[in-house]
Amino acid sequence: MPKFIFVTGGVVSSVGKGITTASLGRILKSRGVSVSIQKLDPYLNVDPGTMSPYQHGEVFVTVDGAETDLDLGHYERFIDQDLTREASVTSGQVYMSVLDRERRGDYLGGTIQAVPHLTNEIKSRIYSVAENTNCQVLICEVGGTVGDIEGETFIEAIRQIRHELPRADCLSVHVTFLPWVGATGELKTKPTQHSVRELRSKGIQPDVILARSDHPVPRDILDKIALFCDVDPRATIPMETVSSIYEVPLLLEERGLGDYVLERLGLEGARDLDSWRQMVDRLKHPAGSVEVAIVGKYVELHDAYLSVKESLAHAGIANNVDVDVRWVHAEDLEVRSAEDVLAGVDGIIVPGGFGERGWEGKIKAATYARTRGVPYLGLCLGMQVMVTEFARNVCGLAGANSTEFDPESPYPVISLLEEQQGIVNKGGTMRLGAYPARLAPGSLAARAYEDDLVWERHRHRWEFNNAYRDVLTANGLVVSGTSPDGSLVEISEIGGHPFMLGTQFHPELQSRPTRPHPLFREFVAAARAITPPATPLEPAAAAR
Ligand code: GLN
């Protein structure tokens, strides 16, 4: 049986508990300890796939097609390991399996209760991922903050696991926040004391307290926390805000978190964050910069495009440049000229999306990129945008559209996947998870990947309509990646353009800081190399 680290949050949410968890994973892995990470989300949705980005930010998709919390993206990027469906547990899933069993009659005669039925289900999901991943340490993060009504069963399940296992096999890490009171110019520990009291009232004494703060934390504050919360002063560790999330493992390791955790769990392994540090150094000392526009619907909420933003940072590291993002509201492009909104950008990304709002603005962004030779990367919806724009403005198919937005379009160049027809249930029914794509030799895609078969993660219902493949390719569109049987277009490119490429999948889900995704890497390389002309190219050159 592996050892367990449970990460809970106190005081307020959104202080970077997910990044802390991921960083702890990196620290252990760098010391040669095998890890896996699981997220326990107390909300009642079965998964976040049906939630608005306003509620939840990005939906992260695992290789095996689960729609999960964006923290899984942080975990994968930090520990450089693919996680699976089991790594994401919600109250919705827990209730659903218990209630399914009840309906089947499995508990015939019994009263179904939060304890033990829900807690047993939670425990079995924790134990099972630990066993299946064969890791030495499973880190389990509980979403929300201690005291949330929905989180109670998860906290109780953790208490029971701590009770069932030898003391040395479990560690509880509590991430809190120290507010700064401007009037007196000091950091306050009281909210931390209260949240630890709340945690202890549920039967869990924290072993480690990580105190987030936007200000330097003096030693006497830490000693006070240690005393009042009954935690070893060595394990009361400050975590001030840093300029890049990738610095967090370095900061925590330097402050002794790795040493303390290994000692408490009875494990061994020397510090080795050298290559991680080199990556962070490169990130912090770029030789130049490029500006990339992300044209989307939720741009005021950067978390909605978290993996895209991170992938750009990774590609920046590979190209030795800082990538500045210009967040562009697609709807702005519907009322202002593309020249106004996009002037000066070195590259344009149209990321994934659902729903009609901003669609025409995204088409205008694609026209701008195509006619000016500005590097363009279309991700899922962004490829559908690129194909539609090409059909309308190069192939002369006026009114070409995706049937998602115009079911009556005379030229439905993007249509519903066959397997999607007639689907009514919204949850978990898209084309999800990793599928193979065969690349066309010599294409931009094949050159970037340096491979002929790649696996990438999907999350969509619509696709390139094959009825238009001939007319589009005759006009210069290059189909550079397809499903192995050739039936589904997975990557397309605009022939003759320096870099205009769209993917039906989401490459951003597989980029890692230490292993940037090839398509992002080449996109940023193109953005760096090409100075877009101030005026559109000649129509003939633009079309080719
Ligand atoms: N709405 C489009 C589809 O379902 C694109 C989805 C996406 O960008 N993830 O096909």
# chains A, B, ... in the order shown; residues from 1 in each chain; ligands from 1
call {"tool": "residues_near_ligand", "arguments": {"ligand": "ligand 1", "cutoff": "10 Å", "atoms": "only C-alpha atoms and all ligand atoms", "output": "number ranges by chain"}}
result
A: 59, 350-356, 378-385, 402-405, 414-417, 420, 430-432, 458-464, 503-506
call {"tool": "write_last_selection", "arguments": {"atoms": "N, CA and C atoms", "output": "mmCIF file, in the first residue's frame"}}
result
data_model
loop_
_atom_site.group_PDB
_atom_site.id
_atom_site.type_symbol
_atom_site.label_atom_id
_atom_site.label_comp_id
_atom_site.auth_asym_id
_atom_site.auth_seq_id
_atom_site.Cartn_x
_atom_site.Cartn_y
_atom_site.Cartn_z
ATOM 1 N N VAL A 59 -12.127 23.101 -18.909
ATOM 2 C CA VAL A 59 -12.361 21.683 -18.625
ATOM 3 C C VAL A 59 -11.139 20.924 -19.154
ATOM 4 N N VAL A 350 -7.028 30.935 -32.160
ATOM 5 C CA VAL A 350 -8.454 30.828 -31.872
ATOM 6 C C VAL A 350 -8.635 29.497 -31.143
ATOM 7 N N PRO A 351 -8.940 29.570 -29.855
ATOM 8 C CA PRO A 351 -9.020 28.352 -29.048
ATOM 9 C C PRO A 351 -10.384 27.674 -29.175
ATOM 10 N N GLY A 352 -10.567 26.611 -28.416
ATOM 11 C CA GLY A 352 -11.823 25.863 -28.440
ATOM 12 C C GLY A 352 -12.976 26.711 -27.960
ATOM 13 N N GLY A 353 -14.178 26.297 -28.332
ATOM 14 C CA GLY A 353 -15.344 27.049 -27.882
ATOM 15 C C GLY A 353 -16.631 26.376 -28.298
ATOM 16 N N PHE A 354 -17.697 26.820 -27.681
ATOM 17 C CA PHE A 354 -19.033 26.293 -27.961
ATOM 18 C C PHE A 354 -19.979 27.472 -28.053
ATOM 19 N N GLY A 355 -20.978 27.368 -28.924
ATOM 20 C CA GLY A 355 -21.986 28.428 -28.980
ATOM 21 C C GLY A 355 -21.596 29.518 -29.957
ATOM 22 N N GLU A 356 -22.648 30.228 -30.396
ATOM 23 C CA GLU A 356 -22.498 31.124 -31.535
ATOM 24 C C GLU A 356 -21.811 32.447 -31.217
ATOM 25 N N GLY A 378 -5.310 27.228 -34.844
ATOM 26 C CA GLY A 378 -6.722 27.039 -34.485
ATOM 27 C C GLY A 378 -6.878 25.748 -33.708
ATOM 28 N N LEU A 379 -7.504 25.867 -32.548
ATOM 29 C CA LEU A 379 -7.621 24.699 -31.679
ATOM 30 C C LEU A 379 -9.080 24.258 -31.625
ATOM 31 N N CYS A 380 -9.372 23.150 -32.241
ATOM 32 C CA CYS A 380 -10.727 22.592 -32.235
ATOM 33 C C CYS A 380 -11.690 23.558 -32.925
ATOM 34 N N LEU A 381 -12.454 24.348 -32.182
ATOM 35 C CA LEU A 381 -13.312 25.326 -32.852
ATOM 36 C C LEU A 381 -12.470 26.218 -33.772
ATOM 37 N N GLY A 382 -11.232 26.483 -33.361
ATOM 38 C CA GLY A 382 -10.345 27.340 -34.153
ATOM 39 C C GLY A 382 -10.026 26.743 -35.520
ATOM 40 N N MET A 383 -10.027 25.401 -35.631
ATOM 41 C CA MET A 383 -9.844 24.793 -36.950
ATOM 42 C C MET A 383 -11.135 24.933 -37.755
ATOM 43 N N GLN A 384 -12.264 24.783 -37.064
ATOM 44 C CA GLN A 384 -13.552 24.910 -37.762
ATOM 45 C C GLN A 384 -13.719 26.334 -38.293
ATOM 46 N N VAL A 385 -13.220 27.298 -37.540
ATOM 47 C CA VAL A 385 -13.228 28.699 -37.978
ATOM 48 C C VAL A 385 -12.378 28.843 -39.246
ATOM 49 N N SER A 402 -20.689 26.197 -40.087
ATOM 50 C CA SER A 402 -20.809 24.972 -39.309
ATOM 51 C C SER A 402 -22.282 24.804 -38.989
ATOM 52 N N THR A 403 -22.788 23.606 -39.025
ATOM 53 C CA THR A 403 -24.215 23.419 -38.722
ATOM 54 C C THR A 403 -24.495 23.673 -37.243
ATOM 55 N N GLU A 404 -23.424 23.806 -36.442
ATOM 56 C CA GLU A 404 -23.633 24.187 -35.041
ATOM 57 C C GLU A 404 -24.263 25.585 -34.979
ATOM 58 N N PHE A 405 -23.921 26.428 -35.966
ATOM 59 C CA PHE A 405 -24.378 27.819 -35.919
ATOM 60 C C PHE A 405 -25.418 28.137 -36.979
ATOM 61 N N ILE A 414 -18.647 22.300 -41.908
ATOM 62 C CA ILE A 414 -18.431 21.632 -40.626
ATOM 63 C C ILE A 414 -19.775 21.029 -40.221
ATOM 64 N N SER A 415 -19.788 19.720 -40.000
ATOM 65 C CA SER A 415 -21.073 19.082 -39.686
ATOM 66 C C SER A 415 -20.918 18.145 -38.498
ATOM 67 N N LEU A 416 -22.050 17.712 -37.980
ATOM 68 C CA LEU A 416 -22.031 16.881 -36.786
ATOM 69 C C LEU A 416 -21.386 15.528 -37.094
ATOM 70 N N LEU A 417 -20.527 15.076 -36.216
ATOM 71 C CA LEU A 417 -19.939 13.735 -36.351
ATOM 72 C C LEU A 417 -21.078 12.721 -36.414
ATOM 73 N N GLN A 420 -22.420 11.380 -33.311
ATOM 74 C CA GLN A 420 -23.051 12.356 -32.422
ATOM 75 C C GLN A 420 -24.520 12.566 -32.753
ATOM 76 N N MET A 430 -19.518 13.842 -25.683
ATOM 77 C CA MET A 430 -18.791 14.326 -26.863
ATOM 78 C C MET A 430 -17.772 13.275 -27.311
ATOM 79 N N ARG A 431 -17.090 13.545 -28.410
ATOM 80 C CA ARG A 431 -15.954 12.692 -28.778
ATOM 81 C C ARG A 431 -14.823 13.126 -27.858
ATOM 82 N N LEU A 432 -14.484 12.259 -26.914
ATOM 83 C CA LEU A 432 -13.588 12.649 -25.828
ATOM 84 C C LEU A 432 -12.365 11.751 -25.724
ATOM 85 N N HIS A 458 -9.243 14.859 -27.621
ATOM 86 C CA HIS A 458 -10.379 15.543 -28.258
ATOM 87 C C HIS A 458 -11.493 15.893 -27.271
ATOM 88 N N ARG A 459 -12.296 16.883 -27.703
ATOM 89 C CA ARG A 459 -13.521 17.202 -26.967
ATOM 90 C C ARG A 459 -14.418 18.016 -27.892
ATOM 91 N N HIS A 460 -15.186 17.320 -28.739
ATOM 92 C CA HIS A 460 -16.023 18.046 -29.699
ATOM 93 C C HIS A 460 -17.141 17.152 -30.233
ATOM 94 N N ARG A 461 -18.116 17.787 -30.884
ATOM 95 C CA ARG A 461 -19.207 17.040 -31.528
ATOM 96 C C ARG A 461 -19.192 17.228 -33.046
ATOM 97 N N TRP A 462 -18.625 18.363 -33.508
ATOM 98 C CA TRP A 462 -18.630 18.648 -34.937
ATOM 99 C C TRP A 462 -17.270 18.321 -35.552
ATOM 100 N N GLU A 463 -17.253 18.195 -36.879
ATOM 101 C CA GLU A 463 -16.005 17.872 -37.574
ATOM 102 C C GLU A 463 -16.043 18.443 -38.987
ATOM 103 N N PHE A 464 -14.924 18.349 -39.636
ATOM 104 C CA PHE A 464 -14.767 18.713 -41.052
ATOM 105 C C PHE A 464 -15.697 17.815 -41.880
ATOM 106 N N THR A 503 -6.271 22.311 -35.626
ATOM 107 C CA THR A 503 -6.363 20.918 -35.174
ATOM 108 C C THR A 503 -7.772 20.662 -34.647
ATOM 109 N N GLN A 504 -8.320 19.508 -34.959
ATOM 110 C CA GLN A 504 -9.639 19.177 -34.420
ATOM 111 C C GLN A 504 -9.523 18.761 -32.951
ATOM 112 N N PHE A 505 -8.297 18.507 -32.512
ATOM 113 C CA PHE A 505 -8.056 18.101 -31.121
ATOM 114 C C PHE A 505 -7.495 19.282 -30.330
ATOM 115 N N HIS A 506 -7.147 19.010 -29.088
ATOM 116 C CA HIS A 506 -6.630 20.066 -28.201
ATOM 117 C C HIS A 506 -5.172 19.781 -27.828
#
call {"tool": "select_by_dssp", "arguments": {"residues": "segment 220-358 of chain A", "states": "strand (DSSP E or B)", "output": "ChimeraX atom specification"}}
result
/A:236-240,288-296,321-329,347-350
call {"tool": "residues_around", "arguments": {"residues": "Asp259 of chain A", "least_positions_apart": "2", "cutoff": "10 Å", "atoms": "only C-alpha atoms", "output": "ChimeraX atom specification"}}
result
/A:27-28,31,234-235,253-257,261-264,267-271
call {"tool": "write_last_selection", "arguments": {"atoms": "N, CA, C and O atoms", "output": "PDB file, in the first residue's frame"}}
result
ATOM      1  N   ILE A  27       8.240  17.883  -6.405  1.00  0.00           N
ATOM      2  CA  ILE A  27       9.332  17.747  -5.444  1.00  0.00           C
ATOM      3  C   ILE A  27       9.599  16.261  -5.162  1.00  0.00           C
ATOM      4  O   ILE A  27      10.744  15.804  -5.201  1.00  0.00           O
ATOM      5  N   LEU A  28       8.535  15.519  -4.919  1.00  0.00           N
ATOM      6  CA  LEU A  28       8.722  14.095  -4.603  1.00  0.00           C
ATOM      7  C   LEU A  28       9.267  13.346  -5.811  1.00  0.00           C
ATOM      8  O   LEU A  28      10.191  12.544  -5.706  1.00  0.00           O
ATOM      9  N   ARG A  31      12.800  13.693  -6.447  1.00  0.00           N
ATOM     10  CA  ARG A  31      13.633  12.972  -5.489  1.00  0.00           C
ATOM     11  C   ARG A  31      13.569  11.457  -5.708  1.00  0.00           C
ATOM     12  O   ARG A  31      14.015  10.674  -4.862  1.00  0.00           O
ATOM     13  N   ARG A 234       9.209  23.565  11.791  1.00  0.00           N
ATOM     14  CA  ARG A 234       9.836  23.238  10.489  1.00  0.00           C
ATOM     15  C   ARG A 234       8.790  23.005   9.405  1.00  0.00           C
ATOM     16  O   ARG A 234       9.085  23.072   8.208  1.00  0.00           O
ATOM     17  N   ALA A 235       7.589  22.617   9.848  1.00  0.00           N
ATOM     18  CA  ALA A 235       6.543  22.283   8.886  1.00  0.00           C
ATOM     19  C   ALA A 235       5.548  23.424   8.720  1.00  0.00           C
ATOM     20  O   ALA A 235       4.466  23.250   8.171  1.00  0.00           O
ATOM     21  N   GLU A 253      10.830  23.569  -1.950  1.00  0.00           N
ATOM     22  CA  GLU A 253      11.954  22.654  -1.696  1.00  0.00           C
ATOM     23  C   GLU A 253      13.033  23.373  -0.885  1.00  0.00           C
ATOM     24  O   GLU A 253      13.560  22.842   0.097  1.00  0.00           O
ATOM     25  N   GLU A 254      13.297  24.602  -1.281  1.00  0.00           N
ATOM     26  CA  GLU A 254      14.302  25.401  -0.587  1.00  0.00           C
ATOM     27  C   GLU A 254      13.913  25.623   0.881  1.00  0.00           C
ATOM     28  O   GLU A 254      14.760  25.696   1.759  1.00  0.00           O
ATOM     29  N   ARG A 255      12.612  25.694   1.122  1.00  0.00           N
ATOM     30  CA  ARG A 255      12.158  25.940   2.493  1.00  0.00           C
ATOM     31  C   ARG A 255      11.973  24.660   3.298  1.00  0.00           C
ATOM     32  O   ARG A 255      11.390  24.678   4.390  1.00  0.00           O
ATOM     33  N   GLY A 256      12.398  23.552   2.723  1.00  0.00           N
ATOM     34  CA  GLY A 256      12.449  22.328   3.509  1.00  0.00           C
ATOM     35  C   GLY A 256      11.231  21.435   3.442  1.00  0.00           C
ATOM     36  O   GLY A 256      11.127  20.466   4.197  1.00  0.00           O
ATOM     37  N   LEU A 257      10.310  21.728   2.526  1.00  0.00           N
ATOM     38  CA  LEU A 257       9.109  20.879   2.479  1.00  0.00           C
ATOM     39  C   LEU A 257       9.453  19.439   2.116  1.00  0.00           C
ATOM     40  O   LEU A 257       8.974  18.494   2.744  1.00  0.00           O
ATOM     41  N   VAL A 261       8.638  16.192   4.466  1.00  0.00           N
ATOM     42  CA  VAL A 261       7.650  15.200   4.027  1.00  0.00           C
ATOM     43  C   VAL A 261       8.293  13.811   3.943  1.00  0.00           C
ATOM     44  O   VAL A 261       7.738  12.813   4.421  1.00  0.00           O
ATOM     45  N   LEU A 262       9.475  13.739   3.350  1.00  0.00           N
ATOM     46  CA  LEU A 262      10.130  12.438   3.224  1.00  0.00           C
ATOM     47  C   LEU A 262      10.439  11.838   4.593  1.00  0.00           C
ATOM     48  O   LEU A 262      10.217  10.647   4.825  1.00  0.00           O
ATOM     49  N   GLU A 263      10.934  12.691   5.460  1.00  0.00           N
ATOM     50  CA  GLU A 263      11.263  12.215   6.808  1.00  0.00           C
ATOM     51  C   GLU A 263      10.020  11.654   7.495  1.00  0.00           C
ATOM     52  O   GLU A 263      10.025  10.558   8.046  1.00  0.00           O
ATOM     53  N   ARG A 264       8.920  12.403   7.427  1.00  0.00           N
ATOM     54  CA  ARG A 264       7.695  11.971   8.108  1.00  0.00           C
ATOM     55  C   ARG A 264       7.121  10.694   7.508  1.00  0.00           C
ATOM     56  O   ARG A 264       6.523   9.877   8.198  1.00  0.00           O
ATOM     57  N   LEU A 267      10.577   7.981   3.886  1.00  0.00           N
ATOM     58  CA  LEU A 267      11.087   7.714   2.532  1.00  0.00           C
ATOM     59  C   LEU A 267      12.433   8.399   2.361  1.00  0.00           C
ATOM     60  O   LEU A 267      12.797   9.267   3.146  1.00  0.00           O
ATOM     61  N   GLU A 268      13.135   7.980   1.301  1.00  0.00           N
ATOM     62  CA  GLU A 268      14.430   8.615   1.041  1.00  0.00           C
ATOM     63  C   GLU A 268      14.535   9.104  -0.388  1.00  0.00           C
ATOM     64  O   GLU A 268      13.860   8.576  -1.273  1.00  0.00           O
ATOM     65  N   GLY A 269      15.413  10.055  -0.617  1.00  0.00           N
ATOM     66  CA  GLY A 269      15.614  10.580  -1.972  1.00  0.00           C
ATOM     67  C   GLY A 269      16.213  11.961  -1.875  1.00  0.00           C
ATOM     68  O   GLY A 269      15.728  12.790  -1.102  1.00  0.00           O
ATOM     69  N   ALA A 270      17.283  12.187  -2.657  1.00  0.00           N
ATOM     70  CA  ALA A 270      17.963  13.480  -2.567  1.00  0.00           C
ATOM     71  C   ALA A 270      17.277  14.513  -3.459  1.00  0.00           C
ATOM     72  O   ALA A 270      16.679  14.167  -4.474  1.00  0.00           O
ATOM     73  N   ARG A 271      17.412  15.776  -3.061  1.00  0.00           N
ATOM     74  CA  ARG A 271      16.877  16.881  -3.868  1.00  0.00           C
ATOM     75  C   ARG A 271      17.483  16.855  -5.255  1.00  0.00           C
ATOM     76  O   ARG A 271      18.692  16.690  -5.372  1.00  0.00           O
TER      77      ARG A 271
END
call {"tool": "residues_around", "arguments": {"residues": "Pro516 of chain A", "least_positions_apart": "6", "cutoff": "9 Å", "atoms": "only C-alpha atoms", "output": "ChimeraX atom specification"}}
result
/A:311-318,510
call {"tool": "closest_residue", "arguments": {"among": "A:Asn45, A:Gln113, A:Ser480, A:Gln81", "to": "Lys29 of chain A", "atoms": "only C-alpha atoms"}}
result
A:Gln81
call {"tool": "closest_residue", "arguments": {"among": "A:Leu306, A:Val217, A:Asp322, A:Arg159", "to": "Asp71 of chain A", "atoms": "only C-alpha atoms"}}
result
A:Leu306
call {"tool": "closest_residue", "arguments": {"among": "A:Val308, A:Arg357, A:Val424, A:Gly476", "to": "Phe520 of chain A", "atoms": "only C-alpha atoms"}}
result
A:Val308
call {"tool": "atom_distance", "arguments": {"atom1": "atom CA of Val374 of chain A", "atom2": "atom CA of Ala526 of chain A"}}
result
8.8 Å
call {"tool": "residues_around", "arguments": {"residues": "segment 483-494 of chain A", "least_positions_apart": "5", "cutoff": "9 Å", "atoms": "only C-alpha atoms", "output": "number ranges by chain"}}
result
A: 370, 383, 386-387, 390, 435-439, 443-445, 453, 463-466, 476-478, 499-505, 543-544
call {"tool": "closest_residue", "arguments": {"among": "A:Gly65, A:Asp148, A:Pro507, A:Lys297", "to": "Glu331 of chain A", "atoms": "only C-alpha atoms"}}
result
A:Lys297
